[in-house]
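**Q** File follows, input_25.pdb with PDB, C-alpha atoms and all ligand atoms:
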ATOM      1  CA  ARG A  35       0.000   0.000   0.000
ATOM      2  CA  ALA A  36       1.107   3.489  -0.742
ATOM      3  CA  ALA A  37       2.690   5.077   2.317
ATOM      4  CA  ILE A  38       0.610   8.236   1.841
ATOM      5  CA  LEU A  39      -2.473   6.187   2.727
ATOM      6  CA  ASP A  40      -1.212   4.912   6.081
ATOM      7  CA  GLY A  41      -3.429   5.922   8.934
ATOM      8  CA  MET A  42      -6.316   7.140   6.793
ATOM      9  CA  GLN A  43      -9.654   5.445   7.001
ATOM     10  CA  MET A  44      -9.925   3.339   3.852
ATOM     11  CA  PRO A  45     -12.934   1.850   2.097
ATOM     12  CA  VAL A  46     -13.409  -1.719   3.336
ATOM     13  CA  VAL A  47     -16.718  -2.505   1.679
ATOM     14  CA  GLU A  48     -16.942  -3.547  -1.980
ATOM     15  CA  LEU A  49     -20.354  -3.217  -3.633
ATOM     16  CA  HIS A  50     -19.621  -3.514  -7.360
ATOM     17  CA  LEU A  51     -17.757  -6.633  -8.366
ATOM     18  CA  HIS A  52     -18.537  -9.253 -11.026
ATOM     19  CA  LEU A  53     -17.346 -12.698  -9.893
ATOM     20  CA  GLU A  54     -16.662 -13.672 -13.507
ATOM     21  CA  GLY A  55     -14.506 -10.550 -13.724
ATOM     22  CA  THR A  56     -12.164 -12.043 -11.115
ATOM     23  CA  LEU A  57     -11.102 -14.969 -13.339
ATOM     24  CA  GLU A  58      -7.339 -14.485 -13.516
ATOM     25  CA  PRO A  59      -5.631 -15.895 -16.639
ATOM     26  CA  GLU A  60      -3.915 -18.570 -14.492
ATOM     27  CA  LEU A  61      -7.312 -19.746 -13.235
ATOM     28  CA  VAL A  62      -8.769 -19.642 -16.764
ATOM     29  CA  PHE A  63      -5.991 -22.019 -17.851
ATOM     30  CA  SER A  64      -6.223 -24.367 -14.874
ATOM     31  CA  LEU A  65     -10.021 -24.670 -15.149
ATOM     32  CA  ALA A  66      -9.735 -25.207 -18.930
ATOM     33  CA  GLU A  67      -7.291 -28.038 -18.352
ATOM     34  CA  ARG A  68      -9.456 -29.650 -15.656
ATOM     35  CA  ASN A  69     -12.553 -29.459 -17.867
ATOM     36  CA  GLY A  70     -10.992 -30.275 -21.228
ATOM     37  CA  VAL A  71     -11.932 -26.888 -22.688
ATOM     38  CA  ASP A  72      -9.847 -25.708 -25.658
ATOM     39  CA  LEU A  73      -8.688 -22.100 -25.289
ATOM     40  CA  PRO A  74      -7.867 -19.900 -28.299
ATOM     41  CA  TYR A  75      -4.790 -18.475 -26.488
ATOM     42  CA  ALA A  76      -1.214 -19.787 -26.516
ATOM     43  CA  ASP A  77      -0.660 -19.172 -22.776
ATOM     44  CA  VAL A  78      -1.523 -16.845 -19.881
ATOM     45  CA  ASP A  79       0.615 -14.041 -21.292
ATOM     46  CA  ASP A  80      -1.155 -14.295 -24.635
ATOM     47  CA  LEU A  81      -4.514 -14.054 -22.846
ATOM     48  CA  ARG A  82      -3.318 -11.126 -20.721
ATOM     49  CA  SER A  83      -2.070  -9.326 -23.842
ATOM     50  CA  ARG A  84      -5.714  -9.167 -25.017
ATOM     51  CA  PHE A  85      -6.776  -7.089 -22.014
ATOM     52  CA  ALA A  86      -6.530  -3.863 -24.039
ATOM     53  CA  PHE A  87     -10.151  -2.957 -24.656
ATOM     54  CA  ALA A  88     -11.645  -0.473 -27.124
ATOM     55  CA  ASP A  89     -14.957  -0.195 -25.259
ATOM     56  CA  LEU A  90     -17.437  -2.089 -23.062
ATOM     57  CA  GLN A  91     -18.534  -4.354 -25.922
ATOM     58  CA  SER A  92     -15.013  -5.569 -26.727
ATOM     59  CA  PHE A  93     -14.460  -6.335 -23.029
ATOM     60  CA  LEU A  94     -17.792  -8.190 -22.728
ATOM     61  CA  GLU A  95     -16.829 -10.449 -25.649
ATOM     62  CA  LEU A  96     -13.639 -11.680 -23.960
ATOM     63  CA  TYR A  97     -15.290 -11.812 -20.509
ATOM     64  CA  ASN A  98     -18.148 -13.935 -21.859
ATOM     65  CA  ALA A  99     -15.838 -16.184 -23.917
ATOM     66  CA  ASN A 100     -13.717 -17.039 -20.862
ATOM     67  CA  MET A 101     -16.789 -18.185 -18.934
ATOM     68  CA  ALA A 102     -16.620 -21.396 -21.014
ATOM     69  CA  VAL A 103     -14.031 -22.765 -18.558
ATOM     70  CA  LEU A 104     -16.594 -22.690 -15.716
ATOM     71  CA  ARG A 105     -18.361 -26.064 -15.882
ATOM     72  CA  THR A 106     -19.120 -27.383 -12.357
ATOM     73  CA  GLY A 107     -20.200 -26.112  -8.972
ATOM     74  CA  ALA A 108     -16.630 -26.705  -7.787
ATOM     75  CA  ASP A 109     -15.341 -24.323 -10.477
ATOM     76  CA  PHE A 110     -17.654 -21.555  -9.255
ATOM     77  CA  HIS A 111     -16.641 -22.270  -5.663
ATOM     78  CA  GLU A 112     -12.955 -21.990  -6.545
ATOM     79  CA  MET A 113     -13.406 -18.727  -8.476
ATOM     80  CA  THR A 114     -15.431 -17.199  -5.621
ATOM     81  CA  ASP A 115     -12.990 -18.320  -2.928
ATOM     82  CA  ALA A 116     -10.008 -16.951  -4.888
ATOM     83  CA  TYR A 117     -11.704 -13.541  -5.088
ATOM     84  CA  LEU A 118     -12.580 -13.554  -1.362
ATOM     85  CA  SER A 119      -8.998 -14.372  -0.481
ATOM     86  CA  ARG A 120      -7.641 -11.517  -2.635
ATOM     87  CA  ALA A 121     -10.314  -9.117  -1.348
ATOM     88  CA  ALA A 122      -9.453  -9.950   2.273
ATOM     89  CA  ALA A 123      -5.799  -9.180   1.474
ATOM     90  CA  ALA A 124      -6.980  -5.804   0.100
ATOM     91  CA  GLY A 125      -8.623  -5.082   3.462
ATOM     92  CA  VAL A 126     -12.194  -5.769   2.316
ATOM     93  CA  ARG A 127     -14.448  -6.793   5.237
ATOM     94  CA  HIS A 128     -17.782  -6.947   3.407
ATOM     95  CA  ALA A 129     -18.439  -7.641  -0.291
ATOM     96  CA  GLU A 130     -21.660  -7.781  -2.309
ATOM     97  CA  VAL A 131     -20.846  -9.602  -5.523
ATOM     98  CA  PHE A 132     -22.554 -10.025  -8.885
ATOM     99  CA  LEU A 133     -23.094 -13.321 -10.686
ATOM    100  CA  ASP A 134     -24.237 -13.435 -14.343
ATOM    101  CA  LEU A 135     -26.408 -16.525 -13.784
ATOM    102  CA  GLN A 136     -28.052 -16.299 -17.217
ATOM    103  CA  ALA A 137     -24.669 -16.496 -18.947
ATOM    104  CA  HIS A 138     -24.194 -19.915 -17.349
ATOM    105  CA  THR A 139     -27.710 -21.356 -17.653
ATOM    106  CA  GLY A 140     -27.565 -20.196 -21.285
ATOM    107  CA  ARG A 141     -24.587 -22.557 -21.750
ATOM    108  CA  GLY A 142     -26.555 -25.479 -20.326
ATOM    109  CA  LEU A 143     -25.388 -25.355 -16.702
ATOM    110  CA  ARG A 144     -27.959 -25.924 -13.945
ATOM    111  CA  ALA A 145     -28.828 -22.793 -11.952
ATOM    112  CA  ALA A 146     -28.875 -24.777  -8.690
ATOM    113  CA  GLU A 147     -25.341 -26.089  -9.228
ATOM    114  CA  VAL A 148     -23.927 -22.675 -10.193
ATOM    115  CA  LEU A 149     -25.612 -20.978  -7.236
ATOM    116  CA  ASP A 150     -24.517 -23.701  -4.840
ATOM    117  CA  GLY A 151     -20.888 -23.376  -5.922
ATOM    118  CA  VAL A 152     -20.901 -19.616  -5.331
ATOM    119  CA  THR A 153     -23.029 -19.498  -2.172
ATOM    120  CA  SER A 154     -21.061 -22.284  -0.467
ATOM    121  CA  ALA A 155     -17.891 -20.202  -0.855
ATOM    122  CA  LEU A 156     -19.661 -17.034   0.318
ATOM    123  CA  ALA A 157     -21.134 -18.832   3.340
ATOM    124  CA  ALA A 158     -17.630 -19.784   4.495
ATOM    125  CA  SER A 159     -16.197 -16.284   3.942
ATOM    126  CA  ARG A 160     -16.667 -14.952   7.484
ATOM    127  CA  GLU A 161     -14.829 -17.872   9.082
ATOM    128  CA  LYS A 162     -12.248 -18.347   6.370
ATOM    129  CA  HIS A 163     -11.480 -14.765   5.295
ATOM    130  CA  ASP A 164     -12.983 -12.639   8.101
ATOM    131  CA  LEU A 165     -15.226 -11.055   5.498
ATOM    132  CA  THR A 166     -19.026 -11.014   5.200
ATOM    133  CA  SER A 167     -20.655 -11.213   1.817
ATOM    134  CA  GLY A 168     -23.857 -11.272  -0.176
ATOM    135  CA  LEU A 169     -24.839 -12.420  -3.647
ATOM    136  CA  ILE A 170     -26.550 -10.263  -6.274
ATOM    137  CA  VAL A 171     -27.801 -12.215  -9.286
ATOM    138  CA  THR A 172     -27.604 -10.016 -12.371
ATOM    139  CA  VAL A 173     -29.946 -10.136 -15.319
ATOM    140  CA  LEU A 174     -28.376  -9.338 -18.679
ATOM    141  CA  ARG A 175     -29.680  -6.324 -20.545
ATOM    142  CA  HIS A 176     -28.752  -7.769 -23.961
ATOM    143  CA  LEU A 177     -31.209 -10.653 -23.421
ATOM    144  CA  PRO A 178     -35.034 -10.348 -23.531
ATOM    145  CA  GLY A 179     -36.886  -9.046 -20.466
ATOM    146  CA  ARG A 180     -38.921 -12.253 -20.434
ATOM    147  CA  GLU A 181     -35.762 -14.264 -19.756
ATOM    148  CA  ALA A 182     -34.839 -11.912 -16.919
ATOM    149  CA  LEU A 183     -38.239 -12.552 -15.367
ATOM    150  CA  GLU A 184     -37.737 -16.323 -15.692
ATOM    151  CA  THR A 185     -34.315 -16.028 -14.048
ATOM    152  CA  VAL A 186     -35.684 -14.091 -11.070
ATOM    153  CA  ARG A 187     -38.514 -16.645 -10.790
ATOM    154  CA  GLU A 188     -36.000 -19.505 -10.757
ATOM    155  CA  VAL A 189     -33.804 -17.853  -8.110
ATOM    156  CA  ILE A 190     -36.867 -17.387  -5.895
ATOM    157  CA  ASP A 191     -38.157 -20.940  -6.494
ATOM    158  CA  LEU A 192     -34.752 -22.439  -5.670
ATOM    159  CA  GLY A 193     -34.710 -20.577  -2.350
ATOM    160  CA  ALA A 194     -31.019 -19.805  -2.844
ATOM    161  CA  PRO A 195     -29.446 -17.374  -0.344
ATOM    162  CA  VAL A 196     -29.511 -14.347  -2.642
ATOM    163  CA  LEU A 197     -29.447 -10.760  -1.392
ATOM    164  CA  GLY A 198     -30.650  -9.010  -4.508
ATOM    165  CA  ILE A 199     -31.033  -8.609  -8.235
ATOM    166  CA  GLY A 200     -28.857  -6.461 -10.477
ATOM    167  CA  MET A 201     -28.707  -5.714 -14.187
ATOM    168  CA  CYS A 202     -25.608  -5.389 -16.344
ATOM    169  CA  SER A 203     -24.147  -5.873 -19.849
ATOM    170  CA  THR A 204     -24.619  -3.421 -22.702
ATOM    171  CA  GLU A 205     -26.717  -0.396 -21.837
ATOM    172  CA  LEU A 206     -27.345   1.057 -25.281
ATOM    173  CA  THR A 207     -29.966  -1.269 -26.754
ATOM    174  CA  ALA A 208     -32.830  -2.461 -24.522
ATOM    175  CA  HIS A 209     -35.016  -0.047 -22.533
ATOM    176  CA  ALA A 210     -35.251  -0.389 -18.741
ATOM    177  CA  ALA A 211     -39.016  -0.893 -19.086
ATOM    178  CA  ASP A 212     -38.399  -4.342 -20.610
ATOM    179  CA  PHE A 213     -37.093  -5.425 -17.195
ATOM    180  CA  ALA A 214     -39.827  -3.933 -15.017
ATOM    181  CA  PRO A 215     -41.617  -7.295 -14.504
ATOM    182  CA  ALA A 216     -38.382  -8.980 -13.350
ATOM    183  CA  PHE A 217     -37.587  -6.171 -10.895
ATOM    184  CA  GLN A 218     -41.210  -6.023  -9.690
ATOM    185  CA  LEU A 219     -41.111  -9.749  -8.901
ATOM    186  CA  ALA A 220     -37.802  -9.331  -7.069
ATOM    187  CA  ARG A 221     -39.245  -6.486  -5.004
ATOM    188  CA  ALA A 222     -42.367  -8.509  -4.150
ATOM    189  CA  HIS A 223     -40.120 -11.247  -2.758
ATOM    190  CA  GLY A 224     -38.019  -8.912  -0.629
ATOM    191  CA  LEU A 225     -34.950  -8.955  -2.863
ATOM    192  CA  ARG A 226     -32.790  -5.829  -2.965
ATOM    193  CA  ARG A 227     -32.370  -4.121  -6.371
ATOM    194  CA  THR A 228     -29.582  -2.377  -8.260
ATOM    195  CA  ALA A 229     -28.738  -1.814 -11.942
ATOM    196  CA  HIS A 230     -25.870  -0.644 -14.125
ATOM    197  CA  ALA A 231     -26.769   2.718 -15.676
ATOM    198  CA  GLY A 232     -24.947   5.835 -16.805
ATOM    199  CA  GLU A 233     -21.765   3.889 -17.584
ATOM    200  CA  GLU A 234     -21.877   4.025 -21.397
ATOM    201  CA  GLY A 235     -25.512   5.166 -21.567
ATOM    202  CA  PRO A 236     -26.851   8.695 -20.929
ATOM    203  CA  ALA A 237     -28.051  10.267 -17.672
ATOM    204  CA  GLN A 238     -31.638   9.410 -18.632
ATOM    205  CA  ASN A 239     -30.798   5.720 -18.131
ATOM    206  CA  VAL A 240     -30.027   6.478 -14.480
ATOM    207  CA  ALA A 241     -33.410   8.152 -13.991
ATOM    208  CA  ASP A 242     -35.097   5.240 -15.785
ATOM    209  CA  VAL A 243     -33.724   2.516 -13.515
ATOM    210  CA  LEU A 244     -34.757   4.553 -10.463
ATOM    211  CA  ASP A 245     -38.268   5.322 -11.752
ATOM    212  CA  ILE A 246     -39.078   2.147 -13.682
ATOM    213  CA  LEU A 247     -37.081  -0.580 -11.912
ATOM    214  CA  ARG A 248     -37.210   1.088  -8.472
ATOM    215  CA  VAL A 249     -33.558   0.247  -7.798
ATOM    216  CA  GLU A 250     -32.013   1.204  -4.452
ATOM    217  CA  ARG A 251     -28.496   1.755  -5.828
ATOM    218  CA  VAL A 252     -27.064   2.603  -9.245
ATOM    219  CA  ASP A 253     -23.938   0.876 -10.554
ATOM    220  CA  HIS A 254     -21.557   3.389 -12.189
ATOM    221  CA  GLY A 255     -23.917   6.352 -12.703
ATOM    222  CA  VAL A 256     -20.995   8.558 -13.762
ATOM    223  CA  ARG A 257     -22.903  10.072 -16.690
ATOM    224  CA  ALA A 258     -25.497  11.409 -14.239
ATOM    225  CA  MET A 259     -22.999  14.291 -13.943
ATOM    226  CA  GLU A 260     -24.232  15.482 -17.367
ATOM    227  CA  ASP A 261     -27.629  16.390 -15.864
ATOM    228  CA  PRO A 262     -27.583  18.882 -12.937
ATOM    229  CA  ASP A 263     -31.252  18.242 -12.073
ATOM    230  CA  LEU A 264     -30.563  14.522 -11.813
ATOM    231  CA  VAL A 265     -27.491  15.175  -9.634
ATOM    232  CA  ARG A 266     -29.669  17.228  -7.269
ATOM    233  CA  ARG A 267     -32.192  14.396  -7.099
ATOM    234  CA  LEU A 268     -29.503  11.758  -6.399
ATOM    235  CA  VAL A 269     -28.042  13.946  -3.639
ATOM    236  CA  ASP A 270     -31.473  14.648  -2.103
ATOM    237  CA  GLU A 271     -32.556  10.992  -2.200
ATOM    238  CA  ARG A 272     -29.094   9.759  -1.116
ATOM    239  CA  VAL A 273     -28.976   7.217  -3.941
ATOM    240  CA  PRO A 274     -25.694   5.294  -3.731
ATOM    241  CA  LEU A 275     -23.578   5.224  -6.911
ATOM    242  CA  THR A 276     -21.069   2.358  -7.057
ATOM    243  CA  VAL A 277     -18.340   3.993  -9.129
ATOM    244  CA  CYS A 278     -15.452   2.044 -10.711
ATOM    245  CA  PRO A 279     -12.818   4.548 -11.882
ATOM    246  CA  VAL A 280     -10.188   2.125 -13.199
ATOM    247  CA  SER A 281     -12.897   0.229 -15.114
ATOM    248  CA  ASN A 282     -14.158   3.453 -16.721
ATOM    249  CA  VAL A 283     -10.655   4.267 -17.941
ATOM    250  CA  ARG A 284      -9.928   0.740 -19.182
ATOM    251  CA  LEU A 285     -13.224   0.698 -21.149
ATOM    252  CA  LYS A 286     -12.588   4.199 -22.530
ATOM    253  CA  GLY A 287     -15.595   5.896 -20.922
ATOM    254  CA  VAL A 288     -13.082   8.320 -19.348
ATOM    255  CA  GLU A 289      -9.757   9.213 -20.951
ATOM    256  CA  THR A 290      -7.437   9.013 -17.926
ATOM    257  CA  LEU A 291      -7.857   8.547 -14.162
ATOM    258  CA  ALA A 292      -6.956  12.217 -13.703
ATOM    259  CA  ASP A 293     -10.041  13.094 -15.807
ATOM    260  CA  HIS A 294     -12.384  10.866 -13.812
ATOM    261  CA  PRO A 295     -15.405  12.670 -12.273
ATOM    262  CA  LEU A 296     -15.230  10.743  -8.951
ATOM    263  CA  ARG A 297     -13.804  13.662  -6.975
ATOM    264  CA  ARG A 298     -16.307  16.112  -8.468
ATOM    265  CA  MET A 299     -19.091  13.637  -7.664
ATOM    266  CA  LEU A 300     -18.002  13.490  -4.007
ATOM    267  CA  ASP A 301     -17.715  17.253  -3.842
ATOM    268  CA  ALA A 302     -21.256  17.527  -5.258
ATOM    269  CA  GLY A 303     -22.522  15.547  -2.255
ATOM    270  CA  LEU A 304     -23.338  12.362  -4.136
ATOM    271  CA  VAL A 305     -23.249   9.091  -2.163
ATOM    272  CA  VAL A 306     -20.309   7.694  -4.135
ATOM    273  CA  THR A 307     -18.523   4.424  -3.390
ATOM    274  CA  ILE A 308     -15.326   3.147  -5.021
ATOM    275  CA  ASN A 309     -15.132  -0.346  -6.484
ATOM    276  CA  SER A 310     -13.117  -2.638  -8.765
ATOM    277  CA  ASP A 311     -15.783  -4.062 -11.181
ATOM    278  CA  ASP A 312     -13.751  -6.745 -13.059
ATOM    279  CA  PRO A 313     -10.361  -6.678 -11.326
ATOM    280  CA  ALA A 314      -8.702  -9.542 -13.218
ATOM    281  CA  TYR A 315      -9.383  -7.828 -16.551
ATOM    282  CA  PHE A 316      -8.738  -4.247 -15.465
ATOM    283  CA  GLY A 317      -5.576  -5.056 -13.509
ATOM    284  CA  ALA A 318      -6.572  -3.612 -10.140
ATOM    285  CA  TYR A 319      -8.249  -5.009  -7.002
ATOM    286  CA  LEU A 320      -9.912  -2.604  -4.588
ATOM    287  CA  ASP A 321      -6.717  -1.600  -2.746
ATOM    288  CA  GLU A 322      -5.015  -0.813  -6.064
ATOM    289  CA  VAL A 323      -8.068   1.060  -7.371
ATOM    290  CA  VAL A 324      -8.086   3.208  -4.223
ATOM    291  CA  ASP A 325      -4.330   3.863  -4.389
ATOM    292  CA  ARG A 326      -4.293   4.803  -8.076
ATOM    293  CA  THR A 327      -7.424   6.961  -7.857
ATOM    294  CA  THR A 328      -6.167   8.738  -4.730
ATOM    295  CA  GLU A 329      -2.938   9.575  -6.511
ATOM    296  CA  ALA A 330      -4.476  10.611  -9.850
ATOM    297  CA  LEU A 331      -7.208  12.790  -8.333
ATOM    298  CA  ASP A 332      -5.187  13.936  -5.306
ATOM    299  CA  LEU A 333      -7.933  12.758  -2.952
ATOM    300  CA  GLY A 334      -7.570  13.940   0.627
ATOM    301  CA  PRO A 335      -8.394  12.188   3.913
ATOM    302  CA  HIS A 336     -11.899  13.694   3.877
ATOM    303  CA  HIS A 337     -12.546  12.171   0.426
ATOM    304  CA  LEU A 338     -11.328   8.746   1.565
ATOM    305  CA  ARG A 339     -13.370   8.939   4.734
ATOM    306  CA  ALA A 340     -16.462   9.862   2.680
ATOM    307  CA  LEU A 341     -15.889   6.900   0.330
ATOM    308  CA  ALA A 342     -15.532   4.557   3.314
ATOM    309  CA  ARG A 343     -18.584   5.952   5.105
ATOM    310  CA  ASN A 344     -20.711   5.940   1.944
ATOM    311  CA  ALA A 345     -19.946   2.269   1.315
ATOM    312  CA  VAL A 346     -20.914   1.262   4.856
ATOM    313  CA  GLU A 347     -24.115   3.325   4.574
ATOM    314  CA  SER A 348     -24.940   1.759   1.178
ATOM    315  CA  ALA A 349     -24.287  -1.897   2.073
ATOM    316  CA  TRP A 350     -27.296  -4.178   2.352
ATOM    317  CA  VAL A 351     -26.472  -5.346   5.888
ATOM    318  CA  ASP A 352     -28.331  -5.263   9.204
ATOM    319  CA  ASP A 353     -27.620  -2.544  11.766
ATOM    320  CA  ALA A 354     -25.403  -4.803  13.876
ATOM    321  CA  ARG A 355     -23.063  -5.527  10.982
ATOM    322  CA  ARG A 356     -23.208  -1.907   9.766
ATOM    323  CA  ASN A 357     -22.001  -0.768  13.203
ATOM    324  CA  GLU A 358     -19.115  -3.262  13.128
ATOM    325  CA  LEU A 359     -18.027  -1.962   9.731
ATOM    326  CA  ARG A 360     -18.025   1.708  10.796
TER     327      ARG A 360
HETATM  328  C1  LIG B 401     -19.440  -5.098 -16.767
HETATM  329 CL1  LIG B 401     -17.814  -2.954 -16.674
HETATM  330  C2  LIG B 401     -19.317  -3.735 -17.006
HETATM  331  N1  LIG B 401     -20.342  -3.037 -17.513
HETATM  332  C3  LIG B 401     -21.479  -3.654 -17.795
HETATM  333  N2  LIG B 401     -21.672  -4.961 -17.598
HETATM  334  C4  LIG B 401     -20.655  -5.678 -17.081
HETATM  335  N3  LIG B 401     -20.546  -6.978 -16.774
HETATM  336  C5  LIG B 401     -19.322  -7.195 -16.302
HETATM  337  N4  LIG B 401     -18.622  -6.061 -16.292
HETATM  338 ZN    ZN B 402     -20.061  -3.639 -13.404
END
The structure given in the file should be rewritten as structure tokens.
Ligand code: ES4
Ligand code: ZN

**A**
Amino acid sequence: RAAILDGMQMPVVELHLHLEGTLEPELVFSLAERNGVDLPYADVDDLRSRFAFADLQSFLELYNANMAVLRTGADFHEMTDAYLSRAAAAGVRHAEVFLDLQAHTGRGLRAAEVLDGVTSALAASREKHDLTSGLIVTVLRHLPGREALETVREVIDLGAPVLGIGMCSTELTAHAADFAPAFQLARAHGLRRTAHAGEEGPAQNVADVLDILRVERVDHGVRAMEDPDLVRRLVDERVPLTVCPVSNVRLKGVETLADHPLRRMLDAGLVVTINSDDPAYFGAYLDEVVDRTTEALDLGPHHLRALARNAVESAWVDDARRNELR
């Protein structure tokens, strides 16, 4: 850790992380070997050399292709446990993690087996890594809303220990309204709700997921800064925005870290948290994201304290755990 950060209160809660985005090239290769999956890369360095992305879509193609190595519940358990171990080393004490369940059921895997692999690792995280956790099943915006509804139905019917429902993947095609039935069902069953919006899409997408999907947090939300009325609303309603600065730079939504709006968002009074998104692909786990962003934006102790406090406030935990995290 950078010496300049010693003694400051650091964010210890991670609220925006895709488990499939934690698949390190070494793990991709070892799972491929175990499962007899042919990879179109010569070796781990060849795979890593492809982590130069033009945009979200080019990233999603590689991210989705690498999921082919995940075949059994044990594979999902191993991926989840590897992330928890790395997160604990970064100082993370509570993590709410996304799983693209539809990407796996769409390849013929059983939802129950995938969920069991992930949730068994999460259930052991407090004992094993001194870290509490929760699972957010994401529905994919590039697939039909009807399939999202079926996925939420299946999660509920299986009775899996799931904290909430999220939505991710490309933001520029489908309208939020297509997913209203899925989010309504989730809400009726007491599931928490969040959605990616305002990452590559316009500020209006942020308003839409709040108004139409009734989400409680917004993932990214950086483009909300283009609409002052929306910023005022997000400040007034204390809507958490789970911002991922390194991700935004790596996917070319923002030119450099020094240009990232995170500091301006904090100064505007937005409930901003800092997160890693897909750390294996973007080359930075939460500690590294915090260090690089602090340096590039010259964040002060009050900014870091605000990021830490905002994350604790925004976590979907009970009051007892929230007090422990403070
Ligand atoms: C994602 Cl960075 C990002 N944006 C949208 N969807 C995603 N899924 C995984 N990473
Ligand atoms: Zn994301």

**Q** At a cut-off of 7 Å around ligand ZN 402 (chain B), and using all atoms listed in the file, what residues come up? Please write them as a VMD selection string.

**A** chain A and resid 50 to 52 202 230 253 311

**Q** List all protein, DNA and RNA residues that have an atom no more than 10 Å from any atom of ligand LIG 401 (chain B), counting only C-alpha atoms and all ligand atoms, and report them as number ranges by chain.

**A** A: 50-55, 89-91, 93-94, 97-98, 132-134, 172, 174-176, 201-205, 229-231, 233-234, 253-254, 278, 280-282, 284-285, 310-313, 315-316

**Q** Tell me which protein, DNA and RNA residues are within 12 Å of Gln43 in chain A, counting only C-alpha atoms, leaving out same-chain ones fewer than 5 positions away, and put them as number ranges by chain.

**A** A: 38, 125, 324, 334-343, 359-360

**Q** Starting from the PyMOL selection byres (((chain A and resi 271) around 12) and not hetatm), expand the selection into actual residues of this file and give them as a list in words.

**A**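 Checked against the file, the PyMOL selection byres (((chain A and resi 271) around 12) and not hetatm) matches Leu244, Glu250, Arg251, Leu264, Val265, Arg266, Arg267, Leu268, Val269, Asp270, Arg272, Val273, Pro274, Leu275, Gly303, Leu304 and Val305 of chain A.
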
**Q** Applied to this file, what does the PyMOL selection byres (((chain A and resi 350) around 8) and not hetatm) return in terms of residues, put as number ranges by chain?

**A** A: 197, 226, 348-349, 351-352

**Q** Could you work out how far CA of Asn357 in chain A lies from CA of Ala345 in chain A, giving the answer in Å with one decimal?

**A**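 Pair CA of Ala345 in chain A / CA of Asn357 in chain A returns 12.4 Å.
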
**Q** Could you tell me which of A:Ser92, A:Thr114, A:Asn100, A:Gln238 comes closest to Pro74 in chain A if we count all atoms listed in the file?

**A**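 Using all atoms listed in the file, Pro74 in chain A sits closest to A:Asn100.
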